[in-house]
$ cat target_0.pdb   # PDB, N, CA and C atoms
ATOM      1  N   MET A   1      14.626  31.924  15.251
ATOM      2  CA  MET A   1      13.694  31.864  14.157
ATOM      3  C   MET A   1      12.287  31.624  14.704
ATOM      4  N   GLU A   2      11.311  32.318  14.166
ATOM      5  CA  GLU A   2       9.933  32.209  14.634
ATOM      6  C   GLU A   2       9.313  30.882  14.191
ATOM      7  N   SER A   3       8.531  30.298  15.075
ATOM      8  CA  SER A   3       7.860  29.041  14.780
ATOM      9  C   SER A   3       6.778  29.248  13.723
ATOM     10  N   LYS A   4       6.622  28.273  12.858
ATOM     11  CA  LYS A   4       5.601  28.330  11.820
ATOM     12  C   LYS A   4       4.325  27.596  12.232
ATOM     13  N   SER A   5       4.254  27.116  13.464
ATOM     14  CA  SER A   5       3.054  26.401  13.875
ATOM     15  C   SER A   5       1.869  27.363  13.970
ATOM     16  N   TYR A   6       0.688  26.812  13.763
ATOM     17  CA  TYR A   6      -0.516  27.632  13.788
ATOM     18  C   TYR A   6      -1.145  27.583  15.173
ATOM     19  N   THR A   7      -1.537  28.717  15.642
ATOM     20  CA  THR A   7      -2.196  28.807  16.937
ATOM     21  C   THR A   7      -3.468  29.609  16.767
ATOM     22  N   MET A   8      -4.311  29.569  17.763
ATOM     23  CA  MET A   8      -5.557  30.327  17.706
ATOM     24  C   MET A   8      -5.283  31.826  17.589
ATOM     25  N   GLU A   9      -4.193  32.288  18.179
ATOM     26  CA  GLU A   9      -3.877  33.716  18.124
ATOM     27  C   GLU A   9      -3.456  34.146  16.723
ATOM     28  N   ARG A  10      -2.693  33.294  16.029
ATOM     29  CA  ARG A  10      -2.174  33.659  14.712
ATOM     30  C   ARG A  10      -3.188  33.409  13.602
ATOM     31  N   GLU A  11      -3.886  32.297  13.665
ATOM     32  CA  GLU A  11      -4.820  31.895  12.618
ATOM     33  C   GLU A  11      -6.116  31.416  13.278
ATOM     34  N   PRO A  12      -6.946  32.321  13.761
ATOM     35  CA  PRO A  12      -8.115  31.910  14.537
ATOM     36  C   PRO A  12      -9.095  31.013  13.782
ATOM     37  N   ARG A  13      -9.187  31.138  12.475
ATOM     38  CA  ARG A  13     -10.127  30.293  11.736
ATOM     39  C   ARG A  13      -9.487  28.997  11.258
ATOM     40  N   ARG A  14      -8.208  28.977  11.081
ATOM     41  CA  ARG A  14      -7.538  27.821  10.484
ATOM     42  C   ARG A  14      -7.502  26.610  11.412
ATOM     43  N   LEU A  15      -7.189  26.799  12.663
ATOM     44  CA  LEU A  15      -7.051  25.673  13.577
ATOM     45  C   LEU A  15      -8.366  24.907  13.749
ATOM     46  N   PRO A  16      -9.484  25.569  14.025
ATOM     47  CA  PRO A  16     -10.725  24.800  14.173
ATOM     48  C   PRO A  16     -11.105  24.058  12.892
ATOM     49  N   THR A  17     -10.904  24.682  11.740
ATOM     50  CA  THR A  17     -11.236  24.018  10.488
ATOM     51  C   THR A  17     -10.369  22.785  10.303
ATOM     52  N   SER A  18      -9.090  22.891  10.547
ATOM     53  CA  SER A  18      -8.194  21.745  10.422
ATOM     54  C   SER A  18      -8.580  20.644  11.396
ATOM     55  N   PHE A  19      -8.970  21.005  12.596
ATOM     56  CA  PHE A  19      -9.386  20.016  13.586
ATOM     57  C   PHE A  19     -10.637  19.288  13.110
ATOM     58  N   ARG A  20     -11.609  20.043  12.606
ATOM     59  CA  ARG A  20     -12.841  19.419  12.119
ATOM     60  C   ARG A  20     -12.553  18.495  10.939
ATOM     61  N   LEU A  21     -11.696  18.922  10.039
ATOM     62  CA  LEU A  21     -11.354  18.081   8.895
ATOM     63  C   LEU A  21     -10.659  16.799   9.342
ATOM     64  N   THR A  22      -9.718  16.938  10.258
ATOM     65  CA  THR A  22      -8.970  15.778  10.736
ATOM     66  C   THR A  22      -9.875  14.788  11.439
ATOM     67  N   THR A  23     -10.730  15.258  12.332
ATOM     68  CA  THR A  23     -11.604  14.341  13.058
ATOM     69  C   THR A  23     -12.694  13.792  12.148
ATOM     70  N   GLY A  24     -13.053  14.513  11.097
ATOM     71  CA  GLY A  24     -14.053  14.028  10.164
ATOM     72  C   GLY A  24     -13.585  12.827   9.374
ATOM     73  N   TYR A  25     -12.288  12.705   9.162
ATOM     74  CA  TYR A  25     -11.753  11.561   8.430
ATOM     75  C   TYR A  25     -11.724  10.297   9.281
ATOM     76  N   ALA A  26     -11.806  10.436  10.563
ATOM     77  CA  ALA A  26     -11.741   9.271  11.447
ATOM     78  C   ALA A  26     -12.789   9.375  12.541
ATOM     79  N   PRO A  27     -14.074   9.242  12.173
ATOM     80  CA  PRO A  27     -15.103   9.327  13.211
ATOM     81  C   PRO A  27     -14.922   8.225  14.238
ATOM     82  N   ARG A  28     -15.352   8.486  15.442
ATOM     83  CA  ARG A  28     -15.091   7.538  16.524
ATOM     84  C   ARG A  28     -15.776   6.196  16.294
ATOM     85  N   ASN A  29     -17.026   6.191  15.836
ATOM     86  CA  ASN A  29     -17.719   4.946  15.532
ATOM     87  C   ASN A  29     -18.927   5.305  14.678
ATOM     88  N   SER A  30     -18.725   5.419  13.401
ATOM     89  CA  SER A  30     -19.789   5.898  12.523
ATOM     90  C   SER A  30     -20.986   4.962  12.495
ATOM     91  N   ARG A  31     -20.777   3.663  12.612
ATOM     92  CA  ARG A  31     -21.913   2.730  12.622
ATOM     93  C   ARG A  31     -22.795   2.967  13.840
ATOM     94  N   ALA A  32     -22.204   3.125  14.987
ATOM     95  CA  ALA A  32     -22.988   3.379  16.206
ATOM     96  C   ALA A  32     -23.671   4.739  16.127
ATOM     97  N   ASP A  33     -22.972   5.725  15.599
ATOM     98  CA  ASP A  33     -23.555   7.060  15.465
ATOM     99  C   ASP A  33     -24.763   7.033  14.532
ATOM    100  N   LEU A  34     -24.642   6.360  13.392
ATOM    101  CA  LEU A  34     -25.752   6.282  12.450
ATOM    102  C   LEU A  34     -26.918   5.476  13.013
ATOM    103  N   ALA A  35     -26.630   4.411  13.723
ATOM    104  CA  ALA A  35     -27.689   3.590  14.314
ATOM    105  C   ALA A  35     -28.455   4.351  15.391
ATOM    106  N   ALA A  36     -27.784   5.245  16.074
ATOM    107  CA  ALA A  36     -28.412   5.987  17.176
ATOM    108  C   ALA A  36     -29.161   7.231  16.724
ATOM    109  N   THR A  37     -29.003   7.635  15.474
ATOM    110  CA  THR A  37     -29.639   8.869  15.040
ATOM    111  C   THR A  37     -31.148   8.699  14.923
ATOM    112  N   ASN A  38     -31.864   9.739  15.290
ATOM    113  CA  ASN A  38     -33.328   9.706  15.179
ATOM    114  C   ASN A  38     -33.818  10.759  14.179
ATOM    115  N   VAL A  39     -32.937  11.203  13.329
ATOM    116  CA  VAL A  39     -33.287  12.149  12.271
ATOM    117  C   VAL A  39     -32.906  11.542  10.927
ATOM    118  N   ARG A  40     -33.490  12.082   9.871
ATOM    119  CA  ARG A  40     -33.140  11.610   8.534
ATOM    120  C   ARG A  40     -31.738  12.104   8.164
ATOM    121  N   VAL A  41     -31.008  11.266   7.463
ATOM    122  CA  VAL A  41     -29.654  11.607   7.020
ATOM    123  C   VAL A  41     -29.560  11.306   5.526
ATOM    124  N   LEU A  42     -29.020  12.249   4.784
ATOM    125  CA  LEU A  42     -28.760  12.042   3.361
ATOM    126  C   LEU A  42     -27.252  12.041   3.160
ATOM    127  N   ALA A  43     -26.741  10.958   2.593
ATOM    128  CA  ALA A  43     -25.314  10.851   2.295
ATOM    129  C   ALA A  43     -25.148  10.884   0.783
ATOM    130  N   LEU A  44     -24.304  11.784   0.302
ATOM    131  CA  LEU A  44     -24.051  11.910  -1.131
ATOM    132  C   LEU A  44     -22.627  11.488  -1.443
ATOM    133  N   ILE A  45     -22.466  10.854  -2.606
ATOM    134  CA  ILE A  45     -21.134  10.515  -3.088
ATOM    135  C   ILE A  45     -21.139  10.669  -4.601
ATOM    136  N   GLY A  46     -20.046  11.149  -5.126
ATOM    137  CA  GLY A  46     -19.922  11.260  -6.579
ATOM    138  C   GLY A  46     -19.586   9.911  -7.185
ATOM    139  N   ALA A  47     -20.175   9.614  -8.310
ATOM    140  CA  ALA A  47     -19.915   8.333  -8.983
ATOM    141  C   ALA A  47     -18.438   8.178  -9.340
ATOM    142  N   ASP A  48     -17.760   9.297  -9.593
ATOM    143  CA  ASP A  48     -16.350   9.275  -9.970
ATOM    144  C   ASP A  48     -15.437   9.700  -8.816
ATOM    145  N   ASP A  49     -15.905   9.509  -7.596
ATOM    146  CA  ASP A  49     -15.148   9.910  -6.410
ATOM    147  C   ASP A  49     -13.852   9.116  -6.325
ATOM    148  N   GLY A  50     -12.746   9.810  -6.180
ATOM    149  CA  GLY A  50     -11.460   9.147  -6.074
ATOM    150  C   GLY A  50     -11.082   8.783  -4.646
ATOM    151  N   ALA A  51     -11.818   9.294  -3.672
ATOM    152  CA  ALA A  51     -11.494   9.030  -2.270
ATOM    153  C   ALA A  51     -12.334   7.894  -1.685
ATOM    154  N   PHE A  52     -13.529   7.707  -2.207
ATOM    155  CA  PHE A  52     -14.434   6.670  -1.710
ATOM    156  C   PHE A  52     -14.980   5.879  -2.890
ATOM    157  N   LYS A  53     -15.350   4.648  -2.666
ATOM    158  CA  LYS A  53     -15.923   3.818  -3.723
ATOM    159  C   LYS A  53     -17.443   3.948  -3.680
ATOM    160  N   ALA A  54     -17.995   4.562  -4.710
ATOM    161  CA  ALA A  54     -19.433   4.822  -4.750
ATOM    162  C   ALA A  54     -20.249   3.536  -4.641
ATOM    163  N   GLU A  55     -19.763   2.458  -5.239
ATOM    164  CA  GLU A  55     -20.531   1.209  -5.223
ATOM    165  C   GLU A  55     -20.614   0.580  -3.829
ATOM    166  N   MET A  56     -19.806   1.048  -2.903
ATOM    167  CA  MET A  56     -19.828   0.520  -1.541
ATOM    168  C   MET A  56     -20.787   1.273  -0.627
ATOM    169  N   MET A  57     -21.302   2.420  -1.078
ATOM    170  CA  MET A  57     -22.130   3.226  -0.195
ATOM    171  C   MET A  57     -23.448   2.538   0.143
ATOM    172  N   ALA A  58     -24.166   2.041  -0.848
ATOM    173  CA  ALA A  58     -25.469   1.419  -0.582
ATOM    174  C   ALA A  58     -25.361   0.248   0.394
ATOM    175  N   PRO A  59     -24.432  -0.691   0.182
ATOM    176  CA  PRO A  59     -24.317  -1.783   1.161
ATOM    177  C   PRO A  59     -23.923  -1.297   2.554
ATOM    178  N   ALA A  60     -23.092  -0.282   2.618
ATOM    179  CA  ALA A  60     -22.638   0.223   3.921
ATOM    180  C   ALA A  60     -23.765   0.913   4.688
ATOM    181  N   LEU A  61     -24.692   1.543   3.969
ATOM    182  CA  LEU A  61     -25.751   2.303   4.629
ATOM    183  C   LEU A  61     -27.060   1.538   4.773
ATOM    184  N   SER A  62     -27.170   0.374   4.163
ATOM    185  CA  SER A  62     -28.437  -0.353   4.133
ATOM    186  C   SER A  62     -28.955  -0.759   5.515
ATOM    187  N   ALA A  63     -28.090  -0.874   6.484
ATOM    188  CA  ALA A  63     -28.505  -1.279   7.832
ATOM    189  C   ALA A  63     -29.133  -0.142   8.635
ATOM    190  N   PHE A  64     -29.122   1.057   8.091
ATOM    191  CA  PHE A  64     -29.592   2.221   8.840
ATOM    192  C   PHE A  64     -30.851   2.786   8.189
ATOM    193  N   PRO A  65     -32.023   2.558   8.797
ATOM    194  CA  PRO A  65     -33.278   2.973   8.166
ATOM    195  C   PRO A  65     -33.441   4.481   7.982
ATOM    196  N   ASN A  66     -32.786   5.287   8.780
ATOM    197  CA  ASN A  66     -32.916   6.744   8.682
ATOM    198  C   ASN A  66     -31.911   7.365   7.709
ATOM    199  N   VAL A  67     -31.059   6.537   7.122
ATOM    200  CA  VAL A  67     -29.991   7.049   6.256
ATOM    201  C   VAL A  67     -30.275   6.648   4.807
ATOM    202  N   ARG A  68     -30.224   7.633   3.938
ATOM    203  CA  ARG A  68     -30.367   7.360   2.503
ATOM    204  C   ARG A  68     -29.103   7.812   1.794
ATOM    205  N   GLY A  69     -28.589   6.970   0.948
ATOM    206  CA  GLY A  69     -27.416   7.293   0.165
ATOM    207  C   GLY A  69     -27.784   7.539  -1.283
ATOM    208  N   GLU A  70     -27.176   8.534  -1.877
ATOM    209  CA  GLU A  70     -27.404   8.857  -3.283
ATOM    210  C   GLU A  70     -26.059   9.008  -3.984
ATOM    211  N   VAL A  71     -25.937   8.369  -5.125
ATOM    212  CA  VAL A  71     -24.742   8.501  -5.954
ATOM    213  C   VAL A  71     -25.048   9.535  -7.029
ATOM    214  N   ILE A  72     -24.215  10.555  -7.113
ATOM    215  CA  ILE A  72     -24.395  11.628  -8.088
ATOM    216  C   ILE A  72     -23.558  11.288  -9.321
ATOM    217  N   PRO A  73     -24.219  11.080 -10.476
ATOM    218  CA  PRO A  73     -23.497  10.670 -11.687
ATOM    219  C   PRO A  73     -22.483  11.713 -12.163
ATOM    220  N   ALA A  74     -21.438  11.223 -12.806
ATOM    221  CA  ALA A  74     -20.421  12.072 -13.447
ATOM    222  C   ALA A  74     -19.893  13.160 -12.518
ATOM    223  N   THR A  75     -19.678  12.807 -11.261
ATOM    224  CA  THR A  75     -19.222  13.773 -10.260
ATOM    225  C   THR A  75     -18.082  13.169  -9.456
ATOM    226  N   GLY A  76     -17.030  13.952  -9.255
ATOM    227  CA  GLY A  76     -15.890  13.524  -8.454
ATOM    228  C   GLY A  76     -16.035  13.956  -7.004
ATOM    229  N   HIS A  77     -15.016  13.688  -6.230
ATOM    230  CA  HIS A  77     -15.033  13.982  -4.799
ATOM    231  C   HIS A  77     -15.211  15.481  -4.523
ATOM    232  N   PHE A  78     -14.379  16.298  -5.130
ATOM    233  CA  PHE A  78     -14.439  17.735  -4.864
ATOM    234  C   PHE A  78     -15.510  18.440  -5.684
ATOM    235  N   ASP A  79     -15.933  17.819  -6.784
ATOM    236  CA  ASP A  79     -16.979  18.405  -7.625
ATOM    237  C   ASP A  79     -18.348  18.355  -6.960
ATOM    238  N   LEU A  80     -18.510  17.496  -5.994
ATOM    239  CA  LEU A  80     -19.807  17.295  -5.355
ATOM    240  C   LEU A  80     -20.371  18.589  -4.781
ATOM    241  N   ALA A  81     -19.524  19.405  -4.192
ATOM    242  CA  ALA A  81     -19.990  20.643  -3.553
ATOM    243  C   ALA A  81     -20.572  21.640  -4.548
ATOM    244  N   ALA A  82     -20.156  21.581  -5.804
ATOM    245  CA  ALA A  82     -20.637  22.533  -6.811
ATOM    246  C   ALA A  82     -21.575  21.880  -7.823
ATOM    247  N   SER A  83     -21.962  20.654  -7.580
ATOM    248  CA  SER A  83     -22.782  19.911  -8.525
ATOM    249  C   SER A  83     -24.244  20.342  -8.480
ATOM    250  N   VAL A  84     -24.787  20.682  -9.636
ATOM    251  CA  VAL A  84     -26.208  21.024  -9.735
ATOM    252  C   VAL A  84     -27.055  19.795  -9.404
ATOM    253  N   ALA A  85     -26.626  18.626  -9.866
ATOM    254  CA  ALA A  85     -27.361  17.394  -9.576
ATOM    255  C   ALA A  85     -27.391  17.111  -8.075
ATOM    256  N   ALA A  86     -26.287  17.374  -7.380
ATOM    257  CA  ALA A  86     -26.258  17.185  -5.927
ATOM    258  C   ALA A  86     -27.204  18.158  -5.247
ATOM    259  N   THR A  87     -27.195  19.406  -5.688
ATOM    260  CA  THR A  87     -28.106  20.403  -5.112
ATOM    261  C   THR A  87     -29.552  19.993  -5.337
ATOM    262  N   ASP A  88     -29.875  19.553  -6.538
ATOM    263  CA  ASP A  88     -31.240  19.106  -6.835
ATOM    264  C   ASP A  88     -31.636  17.927  -5.949
ATOM    265  N   THR A  89     -30.716  17.012  -5.728
ATOM    266  CA  THR A  89     -30.972  15.848  -4.876
ATOM    267  C   THR A  89     -31.240  16.283  -3.440
ATOM    268  N   ILE A  90     -30.459  17.220  -2.953
ATOM    269  CA  ILE A  90     -30.638  17.720  -1.581
ATOM    270  C   ILE A  90     -31.986  18.422  -1.445
ATOM    271  N   VAL A  91     -32.328  19.271  -2.401
ATOM    272  CA  VAL A  91     -33.602  20.005  -2.343
ATOM    273  C   VAL A  91     -34.771  19.018  -2.361
ATOM    274  N   ALA A  92     -34.724  18.043  -3.257
ATOM    275  CA  ALA A  92     -35.794  17.047  -3.334
ATOM    276  C   ALA A  92     -35.921  16.272  -2.023
ATOM    277  N   TRP A  93     -34.791  15.912  -1.433
ATOM    278  CA  TRP A  93     -34.790  15.189  -0.161
ATOM    279  C   TRP A  93     -35.368  16.043   0.959
ATOM    280  N   LEU A  94     -35.028  17.304   0.994
ATOM    281  CA  LEU A  94     -35.553  18.204   2.016
ATOM    282  C   LEU A  94     -37.063  18.402   1.891
ATOM    283  N   MET A  95     -37.561  18.326   0.673
ATOM    284  CA  MET A  95     -38.993  18.515   0.438
ATOM    285  C   MET A  95     -39.818  17.280   0.802
ATOM    286  N   GLU A  96     -39.178  16.126   0.944
ATOM    287  CA  GLU A  96     -39.884  14.899   1.321
ATOM    288  C   GLU A  96     -40.327  14.976   2.771
ATOM    289  N   ARG A  97     -41.394  14.324   3.040
ATOM    290  CA  ARG A  97     -41.870  14.219   4.427
ATOM    291  C   ARG A  97     -42.228  12.807   4.733
TER     292      ARG A  97
END
$ encode --input "target_0.pdb" --output "C-alpha cells"
Amino acid sequence: MESKSYTMEREPRRLPTSFRLTTGYAPRNSRADLAATNVRVLALIGADDGAFKAEMMAPALSAFPNVRGEVIPATGHFDLAASVAATDTIVAWLMER
C-alpha cells in the first residue's frame, strides 16, 4: 500500500506551508525577538478570537516600544483576514510615520 505521507515531490506547496504554520504556533522566544526588532510591528487580534484572549494582548506587548497591538471589534480568529476594520487599521498604521 502506498504511503499517504506528504513529501516535497508529491505536494511541493503543502509541506512548507505546514512547516511555517507549525513553527508559527511555537516561536522560539517571541519576547526576545520582539525586544530585538528595530522596525515597527503591528499585532492584530479579533475581540471575539477563540484562540487568543484579546484582553491579554496589550499587557503582553506593553514592554516593546516598537510593537503596537490593536483589537478589532466584533471579529473572530479566522475573520480577521477578511475584516474591513482590520484592513483599515493596517492601512492607517502604514500611513503613519
$ atom_distance --input "target_0.pdb" --atom1 "atom CA of Arg97 of chain A" --atom2 "atom CA of Ala82 of chain A"
25.4 Å
$ closest_residue --input "target_0.pdb" --among "A:Asp79, A:Ser30, A:Ala58, A:Val67" --to "Gly46 of chain A" --atoms "only N, CA and C atoms"
A:Asp79
$ closest_residue --input "target_0.pdb" --among "A:Asp48, A:Asp33, A:Glu55, A:Glu70" --to "Ile90 of chain A" --atoms "only C-alpha atoms"
A:Glu70
$ axis_aligned_box --input "target_0.pdb" --around "segment 32-47 of chain A" --padding-each-side "4 Å" --output "lines of an AutoDock Vina configuration file"
center_x = -26.1
center_y = 7.7
center_z = 3.9
size_x = 23.4
size_y = 17.1
size_z = 34.5
$ atom_distance --input "target_0.pdb" --atom1 "atom C of Ala36 of chain A" --atom2 "atom N of Met56 of chain A"
22.6 Å
$ residues_around --input "target_0.pdb" --residues "Ile45 of chain A" --least-positions-apart "6" --cutoff "6.5 Å" --atoms "all atoms listed in the file" --output "list in words"
Ala54, Gly69, Glu70, Val71, Ile72 and Thr75 of chain A
$ decode --input "target_0.pdb" --residues "segment 33-75 of chain A" --atoms "C-alpha atoms" --output "PDB file, in the first residue's frame"
ATOM      1  CA  ASP A  33      12.506  38.504  19.117  1.00  0.00           C
ATOM      2  CA  LEU A  34      10.186  41.455  19.775  1.00  0.00           C
ATOM      3  CA  ALA A  35      12.712  43.184  22.033  1.00  0.00           C
ATOM      4  CA  ALA A  36      15.411  42.882  19.373  1.00  0.00           C
ATOM      5  CA  THR A  37      13.350  44.238  16.495  1.00  0.00           C
ATOM      6  CA  ASN A  38      14.270  47.648  15.134  1.00  0.00           C
ATOM      7  CA  VAL A  39      11.207  48.029  12.921  1.00  0.00           C
ATOM      8  CA  ARG A  40       7.613  48.877  13.725  1.00  0.00           C
ATOM      9  CA  VAL A  41       5.328  45.899  14.323  1.00  0.00           C
ATOM     10  CA  LEU A  42       1.537  45.891  14.265  1.00  0.00           C
ATOM     11  CA  ALA A  43      -0.188  42.985  16.002  1.00  0.00           C
ATOM     12  CA  LEU A  44      -3.903  42.488  15.364  1.00  0.00           C
ATOM     13  CA  ILE A  45      -6.343  40.336  17.287  1.00  0.00           C
ATOM     14  CA  GLY A  46     -10.078  39.943  16.957  1.00  0.00           C
ATOM     15  CA  ALA A  47     -12.114  40.885  20.009  1.00  0.00           C
ATOM     16  CA  ASP A  48     -14.001  37.587  19.651  1.00  0.00           C
ATOM     17  CA  ASP A  49     -10.906  35.475  18.957  1.00  0.00           C
ATOM     18  CA  GLY A  50     -11.374  31.939  20.212  1.00  0.00           C
ATOM     19  CA  ALA A  51      -7.677  31.047  20.069  1.00  0.00           C
ATOM     20  CA  PHE A  52      -6.209  34.022  21.944  1.00  0.00           C
ATOM     21  CA  LYS A  53      -7.520  36.298  24.684  1.00  0.00           C
ATOM     22  CA  ALA A  54      -7.786  39.804  23.262  1.00  0.00           C
ATOM     23  CA  GLU A  55      -7.626  41.416  26.707  1.00  0.00           C
ATOM     24  CA  MET A  56      -4.164  39.914  27.241  1.00  0.00           C
ATOM     25  CA  MET A  57      -2.589  41.467  24.151  1.00  0.00           C
ATOM     26  CA  ALA A  58      -1.996  44.992  25.487  1.00  0.00           C
ATOM     27  CA  PRO A  59      -0.265  43.843  28.697  1.00  0.00           C
ATOM     28  CA  ALA A  60       1.808  41.304  26.771  1.00  0.00           C
ATOM     29  CA  LEU A  61       3.020  43.868  24.226  1.00  0.00           C
ATOM     30  CA  SER A  62       3.437  46.897  26.501  1.00  0.00           C
ATOM     31  CA  ALA A  63       7.121  46.161  27.159  1.00  0.00           C
ATOM     32  CA  PHE A  64       8.005  46.532  23.480  1.00  0.00           C
ATOM     33  CA  PRO A  65       8.147  50.150  22.259  1.00  0.00           C
ATOM     34  CA  ASN A  66       8.186  49.216  18.552  1.00  0.00           C
ATOM     35  CA  VAL A  67       5.121  46.966  18.828  1.00  0.00           C
ATOM     36  CA  ARG A  68       1.551  48.216  18.719  1.00  0.00           C
ATOM     37  CA  GLY A  69      -1.398  45.964  19.360  1.00  0.00           C
ATOM     38  CA  GLU A  70      -4.890  46.614  18.047  1.00  0.00           C
ATOM     39  CA  VAL A  71      -8.064  44.758  18.956  1.00  0.00           C
ATOM     40  CA  ILE A  72     -10.519  44.571  16.059  1.00  0.00           C
ATOM     41  CA  PRO A  73     -14.115  44.712  17.373  1.00  0.00           C
ATOM     42  CA  ALA A  74     -16.681  42.019  16.543  1.00  0.00           C
ATOM     43  CA  THR A  75     -14.051  39.873  14.820  1.00  0.00           C
TER      44      THR A  75
END
